[in-house]
Structure formats: structure tokens, C-alpha cells
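Novice: Take a look at entry-v4.txt, compact mmCIF, C-alpha atoms:
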# COMPACT_ATOMS: atom_id res chain seq x y z
CA MET R 1 30.63 -171.14 -85.11
CA SER R 2 33.25 -170.99 -87.87
CA SER R 3 33.54 -173.93 -90.27
CA GLU R 4 37.19 -174.71 -89.45
CA VAL R 5 37.74 -175.22 -85.74
CA THR R 6 41.30 -176.15 -84.80
CA VAL R 7 43.24 -177.23 -81.74
CA ARG R 8 44.68 -174.14 -80.04
CA GLU R 9 46.13 -175.66 -76.87
CA VAL R 10 46.50 -179.00 -75.06
CA ARG R 11 46.57 -178.92 -71.26
CA VAL R 12 47.49 -181.99 -69.22
CA VAL R 13 45.81 -182.28 -65.82
CA ALA R 14 47.36 -184.80 -63.42
CA THR R 15 45.58 -185.26 -60.10
CA GLN R 16 44.90 -187.87 -57.43
CA PRO R 17 41.83 -187.01 -55.33
CA GLU R 18 41.59 -190.65 -54.22
CA GLY R 19 45.33 -191.34 -53.91
CA THR R 20 45.71 -192.88 -57.38
CA PRO R 21 47.46 -190.77 -60.05
CA LEU R 22 45.05 -189.87 -62.85
CA VAL R 23 46.15 -188.19 -66.09
CA THR R 24 43.54 -186.28 -68.05
CA VAL R 25 43.66 -183.95 -71.04
CA MET R 26 41.89 -180.74 -71.99
CA VAL R 27 41.96 -179.87 -75.69
CA VAL R 28 41.17 -176.18 -76.11
CA THR R 29 39.96 -175.09 -79.55
CA SER R 30 40.11 -171.92 -81.62
CA GLU R 31 36.40 -171.45 -80.93
CA PRO R 32 36.01 -169.40 -77.72
CA GLY R 33 34.71 -171.52 -74.84
CA LEU R 34 34.88 -174.81 -76.75
CA TYR R 35 37.10 -177.54 -75.35
CA GLY R 36 37.05 -181.27 -74.79
CA VAL R 37 38.31 -183.63 -72.11
CA GLY R 38 39.86 -187.09 -72.31
CA CYS R 39 41.45 -189.78 -70.14
CA ALA R 40 45.13 -190.70 -70.56
CA THR R 41 45.64 -192.49 -67.24
CA PHE R 42 48.44 -195.03 -66.94
CA THR R 43 48.84 -194.91 -63.17
CA GLN R 44 52.04 -196.93 -62.90
CA ARG R 45 53.91 -194.68 -65.38
CA TRP R 46 51.93 -191.47 -65.20
CA LYS R 47 54.90 -189.12 -65.59
CA ALA R 48 55.91 -190.82 -68.83
CA VAL R 49 52.43 -190.24 -70.26
CA VAL R 50 52.53 -186.58 -69.21
CA ALA R 51 55.91 -186.17 -70.93
CA ALA R 52 54.67 -187.89 -74.10
CA LEU R 53 51.70 -185.55 -74.23
CA GLU R 54 53.45 -182.29 -73.41
CA SER R 55 56.63 -182.83 -75.41
CA HIS R 56 55.43 -184.80 -78.43
CA LEU R 57 51.69 -185.19 -79.01
CA ALA R 58 50.48 -181.73 -77.97
CA PRO R 59 52.78 -180.02 -80.52
CA LEU R 60 51.56 -182.52 -83.12
CA ALA R 61 47.91 -181.69 -82.37
CA VAL R 62 48.03 -177.88 -82.23
CA GLY R 63 46.69 -176.26 -85.40
CA ARG R 64 44.89 -179.35 -86.67
CA SER R 65 41.19 -179.52 -87.42
CA VAL R 66 39.15 -181.01 -84.57
CA ASN R 67 36.83 -182.67 -87.10
CA ARG R 68 39.38 -185.16 -88.42
CA ILE R 69 39.48 -187.57 -85.49
CA GLU R 70 40.34 -190.71 -87.44
CA ASP R 71 43.01 -188.91 -89.43
CA PHE R 72 44.65 -187.54 -86.29
CA TRP R 73 44.52 -190.92 -84.51
CA GLN R 74 46.33 -192.61 -87.42
CA VAL R 75 48.94 -189.85 -87.65
CA ALA R 76 49.55 -189.83 -83.89
CA MET R 77 49.90 -193.61 -83.72
CA HIS R 78 52.57 -193.66 -86.42
CA ASN R 79 54.30 -190.33 -85.81
CA GLY R 80 56.73 -191.84 -83.30
CA TYR R 81 57.66 -194.56 -85.84
CA TRP R 82 57.93 -197.21 -83.11
CA ARG R 83 54.30 -197.79 -82.27
CA ASN R 84 52.03 -199.48 -79.78
CA GLY R 85 52.44 -199.75 -76.03
CA PRO R 86 50.70 -198.35 -72.96
CA ILE R 87 52.52 -195.01 -72.72
CA GLN R 88 51.84 -193.93 -76.29
CA ASN R 89 48.36 -195.47 -76.43
CA ASN R 90 47.21 -193.72 -73.25
CA ALA R 91 48.63 -190.40 -74.40
CA ILE R 92 46.83 -190.71 -77.74
CA SER R 93 43.65 -191.74 -75.93
CA GLY R 94 43.56 -188.49 -73.98
CA LEU R 95 43.50 -186.51 -77.21
CA ASP R 96 41.17 -188.92 -78.99
CA GLN R 97 38.54 -188.85 -76.25
CA ALA R 98 38.76 -185.07 -76.04
CA LEU R 99 38.19 -184.75 -79.80
CA TRP R 100 35.09 -186.96 -79.57
CA ASP R 101 33.91 -184.78 -76.67
CA ILE R 102 34.42 -181.65 -78.81
CA LYS R 103 32.59 -183.15 -81.78
CA GLY R 104 29.65 -184.00 -79.55
CA LYS R 105 29.55 -180.49 -78.13
CA MET R 106 29.69 -178.98 -81.63
CA ALA R 107 26.79 -181.19 -82.73
CA GLY R 108 24.82 -180.79 -79.50
CA MET R 109 24.81 -184.59 -79.18
CA SER R 110 26.24 -187.21 -76.86
CA VAL R 111 29.08 -189.41 -78.09
CA ALA R 112 26.63 -192.34 -78.04
CA ASP R 113 24.43 -190.36 -80.45
CA LEU R 114 27.42 -189.67 -82.71
CA LEU R 115 28.23 -193.38 -82.82
CA GLY R 116 24.74 -194.20 -84.06
CA GLY R 117 22.46 -193.70 -81.10
CA PRO R 118 21.97 -195.62 -77.87
CA CYS R 119 20.67 -199.17 -77.65
CA ARG R 120 19.81 -198.73 -73.95
CA GLU R 121 19.12 -196.01 -71.41
CA ALA R 122 21.71 -197.08 -68.84
CA ALA R 123 24.49 -199.64 -68.40
CA ARG R 124 24.36 -202.44 -65.87
CA VAL R 125 27.47 -202.51 -63.72
CA TYR R 126 29.39 -204.86 -61.49
CA VAL R 127 31.24 -203.80 -58.35
CA HIS R 128 33.75 -205.47 -56.03
CA ALA R 129 33.14 -207.25 -52.73
CA SER R 130 36.23 -208.29 -50.83
CA GLY R 131 37.32 -209.52 -47.42
CA ASP R 132 39.89 -211.68 -45.67
CA THR R 133 37.48 -214.52 -44.89
CA PRO R 134 34.46 -216.11 -46.62
CA GLU R 135 32.25 -214.52 -43.97
CA ALA R 136 33.69 -211.06 -44.63
CA VAL R 137 33.22 -211.45 -48.40
CA LEU R 138 29.61 -212.51 -47.85
CA GLU R 139 28.96 -209.52 -45.60
CA ALA R 140 30.36 -207.16 -48.26
CA THR R 141 28.24 -208.86 -50.92
CA LEU R 142 25.06 -208.51 -48.87
CA ASP R 143 25.81 -204.83 -48.31
CA LEU R 144 26.20 -204.22 -52.05
CA GLU R 145 22.99 -206.13 -52.74
CA ASP R 146 21.20 -203.79 -50.30
CA GLN R 147 22.56 -200.88 -52.36
CA GLY R 148 20.86 -202.23 -55.47
CA TYR R 149 23.76 -204.00 -57.16
CA ARG R 150 22.99 -207.33 -58.80
CA TYR R 151 26.38 -208.15 -60.34
CA ILE R 152 29.15 -208.48 -57.77
CA ARG R 153 32.77 -209.57 -58.14
CA VAL R 154 33.91 -211.51 -55.09
CA GLN R 155 37.56 -211.70 -54.00
CA GLN R 156 39.18 -213.02 -50.82
CA GLY R 157 42.48 -211.62 -49.58
CA GLY R 158 43.18 -209.49 -52.64
CA TYR R 159 44.56 -210.76 -55.95
CA GLY R 160 46.11 -214.15 -55.40
CA GLY R 161 44.57 -214.42 -51.93
CA LYS R 162 47.49 -212.89 -50.06
CA GLY R 163 46.02 -213.41 -46.59
CA HIS R 164 47.24 -216.99 -46.19
CA ALA R 165 50.38 -218.18 -44.43
CA LEU R 166 53.50 -218.55 -46.56
CA HIS R 167 56.34 -221.04 -46.35
CA GLN R 168 59.36 -218.94 -47.32
CA PRO R 169 63.10 -219.51 -47.38
CA ALA R 170 65.39 -217.56 -45.08
CA GLY R 171 66.48 -214.21 -46.47
CA ALA R 172 63.63 -213.97 -48.98
CA ALA R 173 63.45 -210.63 -50.81
CA GLY R 174 60.65 -208.18 -50.10
CA GLY R 175 57.59 -208.16 -52.29
CA ALA R 176 53.87 -208.87 -52.63
CA TYR R 177 53.87 -212.60 -51.89
CA TYR R 178 51.07 -215.06 -52.61
CA ASP R 179 50.67 -218.82 -52.91
CA PRO R 180 48.77 -219.74 -56.11
CA ARG R 181 47.70 -223.21 -54.96
CA GLU R 182 46.46 -221.96 -51.62
CA TYR R 183 44.64 -219.15 -53.44
CA CYS R 184 42.77 -221.76 -55.51
CA ARG R 185 41.73 -223.77 -52.47
CA GLU R 186 40.63 -220.77 -50.42
CA THR R 187 38.73 -219.17 -53.29
CA LEU R 188 36.71 -222.32 -53.96
CA VAL R 189 35.70 -222.40 -50.29
CA MET R 190 34.74 -218.72 -50.43
CA LEU R 191 32.67 -219.14 -53.59
CA ALA R 192 30.82 -222.08 -52.08
CA HIS R 193 30.08 -220.04 -48.95
CA VAL R 194 28.83 -216.94 -50.78
CA ARG R 195 26.79 -218.85 -53.35
CA GLY R 196 25.32 -221.07 -50.65
CA ALA R 197 24.15 -218.05 -48.68
CA MET R 198 23.05 -215.86 -51.60
CA GLY R 199 21.50 -218.47 -53.82
CA ASP R 200 20.80 -217.03 -57.27
CA ARG R 201 19.70 -213.59 -56.07
CA VAL R 202 22.80 -211.94 -57.52
CA GLU R 203 25.27 -212.74 -60.28
CA LEU R 204 28.76 -213.51 -58.99
CA LEU R 205 32.02 -212.80 -60.82
CA HIS R 206 35.64 -213.54 -59.94
CA ASP R 207 39.00 -212.21 -61.16
CA ILE R 208 41.97 -214.60 -61.29
CA HIS R 209 44.06 -211.59 -62.32
CA GLU R 210 46.42 -213.89 -64.24
CA ARG R 211 47.85 -215.20 -60.96
CA LEU R 212 47.86 -218.88 -61.99
CA GLN R 213 49.98 -221.00 -64.28
CA PRO R 214 47.90 -221.96 -67.33
CA VAL R 215 47.34 -225.60 -66.36
CA HIS R 216 46.17 -224.53 -62.90
CA ALA R 217 43.92 -221.84 -64.41
CA VAL R 218 42.25 -224.53 -66.52
CA GLU R 219 41.76 -226.71 -63.45
CA PHE R 220 40.38 -223.79 -61.46
CA ALA R 221 37.96 -222.82 -64.26
CA ARG R 222 36.66 -226.40 -64.36
CA ARG R 223 36.05 -226.42 -60.62
CA VAL R 224 34.17 -223.10 -60.52
CA ASP R 225 31.59 -224.31 -63.04
CA GLU R 226 29.36 -225.48 -60.18
CA PHE R 227 29.01 -221.92 -58.85
CA GLY R 228 27.43 -220.51 -62.02
CA LEU R 229 29.61 -217.40 -62.31
CA PHE R 230 28.52 -214.60 -64.62
CA PHE R 231 32.09 -214.69 -65.86
CA LEU R 232 35.64 -215.57 -64.85
CA GLU R 233 37.95 -212.63 -65.38
CA ASP R 234 41.51 -212.64 -66.77
CA ALA R 235 42.14 -216.35 -66.25
CA LEU R 236 45.25 -216.25 -68.44
CA ALA R 237 48.01 -213.75 -69.14
CA PRO R 238 48.32 -212.25 -72.66
CA GLU R 239 51.46 -214.35 -73.10
CA ASP R 240 49.42 -217.53 -72.55
CA ILE R 241 46.45 -217.03 -74.87
CA GLU R 242 47.16 -220.31 -76.70
CA TRP R 243 45.82 -222.01 -73.57
CA PHE R 244 42.30 -220.69 -74.21
CA ASP R 245 41.61 -223.82 -76.27
CA GLN R 246 42.17 -225.91 -73.15
CA LEU R 247 40.15 -223.54 -71.00
CA ARG R 248 37.17 -223.80 -73.35
CA ALA R 249 37.45 -227.58 -73.53
CA HIS R 250 37.29 -228.05 -69.75
CA SER R 251 34.93 -225.31 -68.51
CA THR R 252 31.54 -223.85 -69.42
CA THR R 253 31.99 -220.72 -67.28
CA PRO R 254 31.91 -217.56 -69.44
CA VAL R 255 35.33 -215.96 -69.84
CA ALA R 256 36.30 -212.25 -69.84
CA MET R 257 39.74 -211.16 -71.05
CA GLY R 258 41.75 -208.16 -72.18
CA GLU R 259 42.81 -205.86 -69.32
CA LEU R 260 46.47 -205.85 -70.39
CA PHE R 261 45.94 -205.84 -74.14
CA ASN R 262 47.43 -202.99 -76.21
CA HIS R 263 47.09 -204.03 -79.85
CA PRO R 264 44.34 -205.53 -82.06
CA LEU R 265 46.50 -208.56 -82.85
CA GLU R 266 46.17 -209.55 -79.17
CA TRP R 267 42.37 -209.71 -79.11
CA THR R 268 41.66 -210.64 -82.73
CA PRO R 269 42.59 -214.35 -82.38
CA LEU R 270 40.33 -214.68 -79.33
CA ILE R 271 37.44 -213.16 -81.26
CA GLU R 272 37.92 -215.20 -84.41
CA ARG R 273 38.24 -218.48 -82.46
CA ARG R 274 35.31 -217.59 -80.18
CA GLN R 275 37.51 -218.27 -77.17
CA VAL R 276 36.11 -215.52 -74.92
CA ASP R 277 32.64 -214.22 -74.11
CA TYR R 278 33.52 -210.71 -72.92
CA LEU R 279 36.23 -208.26 -73.99
CA ARG R 280 37.41 -206.05 -71.14
CA MET R 281 40.19 -203.93 -72.53
CA HIS R 282 41.18 -200.68 -70.82
CA VAL R 283 39.86 -198.12 -73.33
CA SER R 284 42.70 -195.62 -72.85
CA GLN R 285 45.24 -198.46 -72.95
CA ILE R 286 44.21 -199.32 -76.52
CA GLY R 287 44.17 -195.68 -77.67
CA GLY R 288 40.73 -194.29 -76.91
CA ILE R 289 37.22 -194.31 -78.33
CA THR R 290 38.33 -194.64 -81.96
CA PRO R 291 39.85 -198.15 -81.60
CA ALA R 292 37.24 -199.18 -78.99
CA ARG R 293 34.49 -198.51 -81.52
CA GLN R 294 36.28 -200.84 -83.92
CA VAL R 295 36.50 -203.55 -81.23
CA VAL R 296 32.73 -203.41 -80.76
CA LEU R 297 32.05 -203.89 -84.45
CA GLN R 298 34.73 -206.56 -84.81
CA ALA R 299 33.26 -208.63 -81.96
CA LEU R 300 29.60 -208.16 -82.91
CA PRO R 301 29.30 -210.92 -85.57
CA TYR R 302 30.85 -213.40 -83.13
CA ASN R 303 28.31 -212.64 -80.37
CA ILE R 304 31.11 -211.49 -78.06
CA LYS R 305 30.17 -208.72 -75.64
CA THR R 306 32.00 -205.79 -74.10
CA ALA R 307 32.93 -205.43 -70.43
CA TRP R 308 35.39 -202.53 -70.48
CA HIS R 309 37.96 -202.33 -67.68
CA GLY R 310 36.67 -199.84 -65.12
CA PRO R 311 38.91 -199.66 -62.02
CA GLY R 312 39.83 -196.70 -59.84
CA ASP R 313 42.86 -196.06 -62.03
CA THR R 314 40.59 -195.10 -64.89
CA SER R 315 39.65 -191.46 -64.32
CA PRO R 316 35.99 -190.42 -64.16
CA VAL R 317 36.53 -189.01 -67.66
CA GLY R 318 37.53 -192.49 -68.80
CA HIS R 319 34.45 -193.95 -67.12
CA ALA R 320 32.29 -191.40 -68.92
CA ALA R 321 33.84 -192.55 -72.20
CA ASN R 322 33.18 -196.19 -71.24
CA LEU R 323 29.55 -195.33 -70.56
CA GLN R 324 29.04 -193.67 -73.95
CA LEU R 325 30.38 -196.82 -75.62
CA ASP R 326 28.18 -198.97 -73.36
CA LEU R 327 25.02 -197.07 -74.24
CA TRP R 328 25.67 -197.40 -77.97
CA ALA R 329 27.18 -200.87 -78.42
CA PRO R 330 24.61 -203.46 -79.55
CA ASN R 331 26.83 -206.14 -78.01
CA PHE R 332 27.34 -204.44 -74.66
CA GLY R 333 27.63 -206.89 -71.79
CA ILE R 334 28.43 -205.21 -68.49
CA GLN R 335 30.56 -202.38 -67.09
CA GLU R 336 33.00 -202.56 -64.19
CA TRP R 337 32.38 -199.66 -61.78
CA CYS R 338 34.52 -198.37 -58.92
CA ARG R 339 32.22 -195.96 -56.98
CA PHE R 340 33.97 -192.58 -56.91
CA SER R 341 34.33 -190.42 -53.80
CA ASP R 342 32.95 -186.91 -53.34
CA ALA R 343 36.48 -185.55 -53.84
CA ALA R 344 36.74 -187.18 -57.27
CA ARG R 345 33.31 -185.86 -58.21
CA GLU R 346 34.40 -182.36 -57.24
CA VAL R 347 37.40 -182.57 -59.57
CA PHE R 348 35.30 -184.14 -62.33
CA PRO R 349 31.81 -182.58 -62.33
CA GLY R 350 29.34 -184.62 -64.31
CA THR R 351 30.77 -188.00 -63.23
CA PRO R 352 28.13 -190.62 -64.10
CA GLU R 353 25.93 -191.93 -61.31
CA VAL R 354 24.58 -195.35 -60.42
CA ARG R 355 20.94 -195.89 -59.51
CA ASN R 356 19.72 -199.35 -58.54
CA GLY R 357 22.66 -201.09 -60.19
CA TYR R 358 22.57 -199.13 -63.47
CA LEU R 359 24.99 -196.42 -64.58
CA TYR R 360 23.21 -193.42 -66.11
CA PRO R 361 24.57 -190.58 -68.25
CA ASN R 362 23.64 -186.95 -67.73
CA ASP R 363 22.10 -184.70 -70.36
CA GLY R 364 25.35 -183.01 -71.37
CA PRO R 365 26.69 -183.26 -74.92
CA GLY R 366 29.89 -185.09 -75.82
CA LEU R 367 31.12 -187.18 -72.89
CA GLY R 368 28.97 -185.21 -70.45
CA ILE R 369 31.79 -184.59 -67.98
CA ASP R 370 34.20 -181.76 -67.16
CA ILE R 371 37.47 -181.12 -65.29
CA ASP R 372 37.74 -178.49 -62.54
CA GLU R 373 41.41 -177.49 -62.82
CA GLN R 374 41.42 -175.56 -59.54
CA ALA R 375 40.01 -178.53 -57.63
CA ALA R 376 42.44 -180.87 -59.39
CA ALA R 377 45.39 -178.74 -58.26
CA ARG R 378 44.51 -179.41 -54.62
CA TRP R 379 45.46 -183.07 -55.12
CA PRO R 380 48.79 -183.13 -56.99
CA CYS R 381 50.12 -186.50 -58.11
CA GLU R 382 52.88 -188.14 -56.11
CA THR R 383 55.72 -190.25 -57.44
CA ARG R 384 56.24 -193.47 -55.54
CA VAL R 385 57.41 -197.01 -56.09
CA ILE R 386 54.53 -199.37 -56.87
CA ASP R 387 54.41 -202.19 -54.33
CA TRP R 388 51.52 -204.43 -55.35
CA THR R 389 53.11 -205.32 -58.71
CA GLN R 390 56.28 -206.62 -57.03
CA THR R 391 54.70 -210.06 -56.88
CA ARG R 392 56.49 -213.24 -55.78
CA TRP R 393 55.73 -216.87 -55.10
CA PRO R 394 56.45 -218.30 -51.63
CA ASP R 395 59.98 -219.35 -52.58
CA GLY R 396 60.80 -215.76 -53.60
CA THR R 397 60.50 -216.16 -57.38
CA PRO R 398 59.39 -212.87 -59.03
CA VAL R 399 56.28 -213.42 -61.16
CA ARG R 400 53.81 -211.41 -63.24
CA PRO R 401 51.14 -209.53 -61.26
Take the structure from the file and write it as C-alpha cells.
Specialist:
Amino acid sequence: MSSEVTVREVRVVATQPEGTPLVTVMVVTSEPGLYGVGCATFTQRWKAVVAALESHLAPLAVGRSVNRIEDFWQVAMHNGYWRNGPIQNNAISGLDQALWDIKGKMAGMSVADLLGGPCREAARVYVHASGDTPEAVLEATLDLEDQGYRYIRVQQGGYGGKGHALHQPAGAAGGAYYDPREYCRETLVMLAHVRGAMGDRVELLHDIHERLQPVHAVEFARRVDEFGLFFLEDALAPEDIEWFDQLRAHSTTPVAMGELFNHPLEWTPLIERRQVDYLRMHVSQIGGITPARQVVLQALPYNIKTAWHGPGDTSPVGHAANLQLDLWAPNFGIQEWCRFSDAAREVFPGTPEVRNGYLYPNDGPGLGIDIDEQAAARWPCETRVIDWTQTRWPDGTPVRP
């Protein structure tokens, strides 16, 4: 292999084998047969990410050395002058992850090995149990326990508990309605039911998904203390992080935060003030493996753990990147996992697998995953209006999702 390997081509692969648009990147090098893959998925604005990659970042990357990952990340982040934000960050992440994948393949090592070597053989994961009633949530939880999962996030009626009756004015606009106070009441009943039936056999988690006003989130956090949650997820919106002082003062339930964060100045105050226990940023949303590695080291002295965002709108490539970080990070906590279908695994051969509640890597170098472009083409992405983020309170007021 020649000493100077460069980027020859960047190919963007957009596909939706499970109905959710996924944007991935293939960075092809000057070395025959050598390429890397990365995740650039921003489902709600996937076409904008594709355009940013094809029209701006791919031309910037072509001809550059694949060895200079940090240098390229810094150049790409500042090349547009106006910086930060989910479209640019996700686009940069696709290239960043692919470059780490290439470096691992060139070295014959996994990305976890490149970062310093693994601290564990597999990553414990949590999965989602949901239903419209406490009984249905319990049934889903028992089923996941039978499958070997020991960390289970329980939700009733979707985010904000949308299954309850609403008292609306005449002529109310369309949207994804929910009643935050009713959500609180129903969720407390559900948690009591599931914990009462399960005892301490499994760890339970819950996601507020930023659906409450800060004062009500503090009240809710105080009331869930009795259920011994593993953590309470996204209790506050990024705009309300000053309320974490109150949350800490009134609740001893561990807190996980970060799904909507884009920039280090959003999570740094929470780390320095020890206001959270788990950081769960979306790795492609913050720009890829390069900044995620820095988050791990920044949080380590404060005994704050990682719990990277891992929904179905992170591609299997993104999950493979999460796993490499999980295996290496000394302060790894837990990994969200979404259980991919056979169709997704066909498009992304090498997708990590769960055995008895642990996510295991394969023996491949780099990220250990690939993209089958022919299979991906069978599921082209569709453009549609997003409904679930058109959230409203019962009186019709539009609110953050």
C-alpha cells in the first residue's frame, strides 16, 4: 500500500429499508479496493444533508490524505464560515466516520483498537417497551426480559402519552396532540404497575422526551424516585438547562441528557456542574467519532458516563460507530438499541448483533460494517411531511416535540 492514500470519490447512499430515511457515506480512496463508510443521518432533513455532502463537502474532501482525520474535521467544520447545526454536523460525521473506518482497515485494527483498545468485550444495551395501557407495557417488558434484555425503557402511549382523551377547543388545528399533566399522572401509574410486577429483576428507564415544562419535569422527577429508575431521559429541553440545578435538588434519580445537542458549549456546563449522570448525544449530530471521543475524555474526570442516542433513525453504520466508542470508553454506561430488521441487515452487512442483552462487534477492521449499494437502491428514500413533530397542547398551542 502506498504511503499517501487520498480520497478519490465520495458517494452518498440514501435508503430506507425500514421506512425511515437513512443517509450514509462511502469514501473511496486512491488505493484499489479501500473505502470507508459513515453515518450522516438526519432523518427530518435528509435531502439537505445529501445536498451538503454532494455539493460542498465531497469536493472539499477529494484529493486529501485519509490519514489526517483531525485536520479534515477542523477544516470541514469551518469551511462554510457559519458553523454548527444538525445539517452540517451530520454531513461532516459521514465523512469523519468513514475516515476512521479507512484508518482501521489500513491498520488491520478496529476503531476501538485505534482509540486505545477496548475496556470490555461487548456493550450492554437498553431497548424500548411500549403500549397503550400499563398492562400492555408490562407484557412488552416481560417479552423483552425473555429475550435476554435487562435494561428496558418503558413508555405508555408514545411520547407525551398521546393515548388519553383531550379537551380541545372547536376548530383546533391538526397536529400531534398530548396533555402533559395527564401524561404525568398516567406514567406514574404505569411505572408503579410495571415495577410492582417485575420487582428488581430488570432495570427500568423512562424518556420524558422534553414534553414537560421545567417545573413539572422537576415535580415528575421527584415522584419517580420511588421506582428506582436506571435513569430518566431528556427531562429538560436544551433551552432549559438552567433548571438542572432544581432537578438535582429535588430528585435522586440518575439523569441522561443530550439527544438534541449540537455543540460542546451545550454539554460542557452540565459536565462541569455534575448535573447529569449520562450523556446521550447523537454521534452524527455532533459531527462524528472525532468530537465524540473528546466528549468521553471530557466527561471522564467527572464520573459521567456515555449513553449514546441509538434510535431507528441512526443507521446501522452509526450504531456500529456507537459500539466502537462503547467498547473503548472507560466511562461507558449503556447503549440504546433499536433491533434492526432483516431488510436493514441486508443493506448493511456486518450490523452488530445482540446476545443475551449485550451488543457484540464482529471481527472486521474499522467499524466492521459495510453498505450494499444494490440492496440500498431497492429502498429509495421518500420525501414526506413529518407528523410526529407537529406537537400541540390540548388548547392547540404548538410546542416543542
Novice: Need to verify the contact set: stretch 181-188 of chain R, 7 Å, only C-alpha atoms, exclusion of same-chain residues closer than 5 positions in sequence. Can you return it as a ChimeraX atom specification?
Specialist: /R:156,160-161,220
Novice: Using only C-alpha atoms, which residue out of R:Arg68, R:Arg45, R:Arg8, R:Arg120 lies closest to R:Leu22?
Specialist: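 So, comparing all the options, the nearest one is R:Arg45.
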Novice: Go ahead and compute the interatomic distance for atom CA of R:Thr29 and atom CA of R:Trp82, in Å to one decimal.
Specialist: 28.7 Å
Novice: Counting all atoms listed in the file, which residues of stretch 51-161 of chain R fall within 9 Å of stretch 304-322 of chain R, and what is the closest atom pair for each with its distance in Å at one decimal, ordered by chain and rising number, as a tab-separated table?
Specialist:
residue	atom	partner	partner_atom	distance
R:Gly94	CA	R:Gly318	CA	8.9
R:Gln97	CA	R:Ala321	CA	7.2
R:Asp101	CA	R:Ala321	CA	9.0
R:Val111	CA	R:Ala321	CA	8.2
Novice: Pick out the residues sitting within 8 Å of R:Ala217, and hand them over as an MDAnalysis selection string; count all atoms listed in the file, and ignore anything fewer than 4 positions along from it in its own chain.
Specialist: chainID R and resid 212:213 221 235:236 247
Novice: When distances are computed from all atoms listed in the file, which of R:Glu233, R:Glu272, R:Asp387, R:Asp225 shows the smallest separation from R:Thr253?
Specialist: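 Checking each candidate against R:Thr253, we get R:Asp225 as the closest.
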Novice: For R:Val385, which of R:Gln44, R:Ile208, R:Ser110, R:Gly33 is the closest residue, counting all atoms listed in the file?
Specialist: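 Nearest candidate to R:Val385 out of R:Gln44, R:Ile208, R:Ser110, R:Gly33: R:Gln44.
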Novice: Have a look at atom CA of R:Gln390 and atom CA of R:Gly19 and let me know their distance in Å, one decimal.
Specialist: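 So the answer is 19.1 Å.
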Novice: Give me, as a tab-separated table (two decimals) with C-alpha atoms, in the frame of the given file, all polymer residues having an atom no more than 6 Å from R:Gly131, counting all atoms listed in the file and skipping those fewer than 4 positions away in the same chain.
Specialist:
chain	number	residue	atom	x	y	z
R	136	ALA	CA	33.69	-211.06	-44.63
R	137	VAL	CA	33.22	-211.45	-48.40
R	156	GLN	CA	39.18	-213.02	-50.82
R	157	GLY	CA	42.48	-211.62	-49.58
Novice: Rank nothing, just name the residue among R:Pro269, R:Pro21, R:Pro254, R:Gly368 nearest to R:Ile241, using only C-alpha atoms.
Specialist: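 The closest residue to R:Ile241 is R:Pro269.
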Novice: Using only C-alpha atoms, pick whichever of R:Asp370, R:Glu210, R:Glu203, R:Glu242 has the shortest atom-to-atom distance to R:Ile334.
Specialist: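 Using only C-alpha atoms, R:Ile334 sits closest to R:Glu203.
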Novice: Work out how far apart atom CA of R:Glu139 and atom CA of R:Gly357 are and give it in Å to one decimal.
Specialist: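 Separation between atom CA of R:Glu139 and atom CA of R:Gly357: 18.0 Å.
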Novice: For R:Thr41, which of R:His56, R:His263, R:Gln16, R:Asn303 is the closest residue, counting only C-alpha atoms?
Specialist: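 Going through R:His56, R:His263, R:Gln16, R:Asn303 one by one, the smallest distance to R:Thr41 is for R:Gln16.
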Novice: Neighbourhood query: residues within 9 Å of (32.7, -214.5, -82.1), file coordinates, counting all atoms listed in the file; return as a ChimeraX atom specification.
Specialist: /R:270-277,298-304
Novice: For R:Tyr178, work out the shell of residues within 9 Å, counting only C-alpha atoms and skipping chain neighbours fewer than 5 positions away, then give it as a PyMOL selection string.
Specialist: chain R and resi 159-166+183+211+391-394
Novice: Find the spatial neighbours of R:Val49, counting all atoms listed in the file, within a cut-off of 7 Å - ignore same-chain residues fewer than 4 positions away - and output them as an NGL selection string.
Specialist: :R and (45 or 53 or 87 or 90-91)
Novice: Calculate, to one decimal in Å, the centre and edge lengths of the box along x, y and z of the file that holds all listed atoms of stretch 326-337 of chain R with 5 Å of margin on each side, and present them as AutoDock Vina command-line options.
Specialist:
--center_x 28.8 --center_y -202.0 --center_z -70.7 --size_x 18.4 --size_y 19.8 --size_z 27.8
Novice: Identify the residues around (31.8, -207.4, -49.1) within a radius of 9 Å, measuring from all atoms listed in the file in the coordinates stated by the file, and give them as a PyMOL selection string.
Specialist: chain R and resi 128-131+135-144+154-155
